[in-house]
Amino acid sequence: MTDTPNPPPPPSAIHFPLFPYLLLVLLSASVLTSGLLIFYLPDSADPGTVNEIRITAKPGIDLRKLEEVFDIPDYYLELLTDQGAIRTKTFKDTRVGNGLTFKLPVPVPLSAVKELKIWDEETVGKDKQVDRLDRPSRETDGEKFHFSLAGQIPPRPNTFKIGLALSICGGLLLLLTLLKFLRSQVL
């Protein structure tokens, strides 16, 4: 019998470093998720202030015919806010025509406006309410008039850009981690 040397034992198996890959996947997925949440969640942007209110006749309603039959109205606005009521100056014997612009004495936050009323000032007797809006927005149609609330609108915050950047970085990191994991499994 010949002595043949025993072949050396094979080296022990090296454990695959799964923990770093799982940690990178978890980290990149959380960055991606937080970026998407920041990007898609609605922000509570400041709606701004109202300096003036413009009314125009609503399409389909011919106010001239009503004004010809009756006296030309004397319009004024009453703006109800969280702090109280604001009344604008009266447009005496003025037709709506292409629109009337009522300037407010002070700028009012749009979020504070609760109600907007148009009144016809009567010389004798009680004033008549012509139109009314609850919680008006920048452009709103009432029963007879279209309301445009003009004023300062603050710029939109740039949080969506941060969300987009986080989403791109998180997605790229996740993709690179998965590619590195697949590459190390094949080789």
# chains A, B, ... in the order shown; residues from 1 in each chain; ligands from 1
call {"tool": "residues_around", "arguments": {"residues": "range 27-30 of chain A", "least_positions_apart": "6", "cutoff": "6 Å", "atoms": "only C-alpha atoms", "output": "CSV table (one decimal) with C-alpha atoms, in the first residue's frame"}}
result
chain,number,residue,atom,x,y,z
A,170,GLY,CA,-33.2,56.9,-1.3
A,173,LEU,CA,-29.2,54.0,-2.8
A,174,LEU,CA,-31.8,51.2,-2.8
call {"tool": "select_by_dssp", "arguments": {"residues": "range 106-165 of chain A", "states": "alpha helix (DSSP H)", "output": "PyMOL selection string"}}
result
chain A and resi 159-165
call {"tool": "closest_atom_pairs", "arguments": {"of": "range 99-124 of chain A", "to": "range 149-160 of chain A", "cutoff": "9 Å", "atoms": "only C-alpha atoms", "output": "tab-separated table"}}
result
residue	atom	partner	partner_atom	distance
A:Pro107	CA	A:Gly151	CA	7.8
A:Val108	CA	A:Gly151	CA	8.9
A:Leu110	CA	A:Leu149	CA	8.6
call {"tool": "select_by_dssp", "arguments": {"residues": "range 27-160 of chain A", "states": "strand (DSSP E or B)", "output": "PyMOL selection string"}}
result
chain A and resi 49-57+75-81+85-87+91+100-109+113-120+128-134+139-141+145-150
call {"tool": "residues_around", "arguments": {"residues": "range 47-56 of chain A", "least_positions_apart": "3", "cutoff": "9 Å", "atoms": "only C-alpha atoms", "output": "ChimeraX atom specification"}}
result
/A:44,59,77,96-111,138,144-154
call {"tool": "closest_residue", "arguments": {"among": "A:Ile72, A:Leu22, A:Ile118, A:Ala57", "to": "Arg87 in chain A", "atoms": "only C-alpha atoms"}}
result
A:Ile118
call {"tool": "atom_distance", "arguments": {"atom1": "CA of Arg183 in chain A", "atom2": "CA of Ser34 in chain A"}}
result
27.7 Å
call {"tool": "closest_residue", "arguments": {"among": "A:Ala165, A:Val130, A:Leu116, A:Ile14", "to": "Leu32 in chain A", "atoms": "only C-alpha atoms"}}
result
A:Ala165
call {"tool": "residues_around", "arguments": {"residues": "Lys117 in chain A", "least_positions_apart": "6", "cutoff": "6 Å", "atoms": "only C-alpha atoms", "output": "count of residues only"}}
result
4
call {"tool": "closest_residue", "arguments": {"among": "A:Asp3, A:Asp127, A:Glu139, A:Asp134", "to": "Tyr75 in chain A", "atoms": "only C-alpha atoms"}}
result
A:Asp127
call {"tool": "closest_residue", "arguments": {"among": "A:Thr177, A:Glu115, A:Val186, A:Ile168", "to": "Leu23 in chain A", "atoms": "only C-alpha atoms"}}
result
A:Thr177
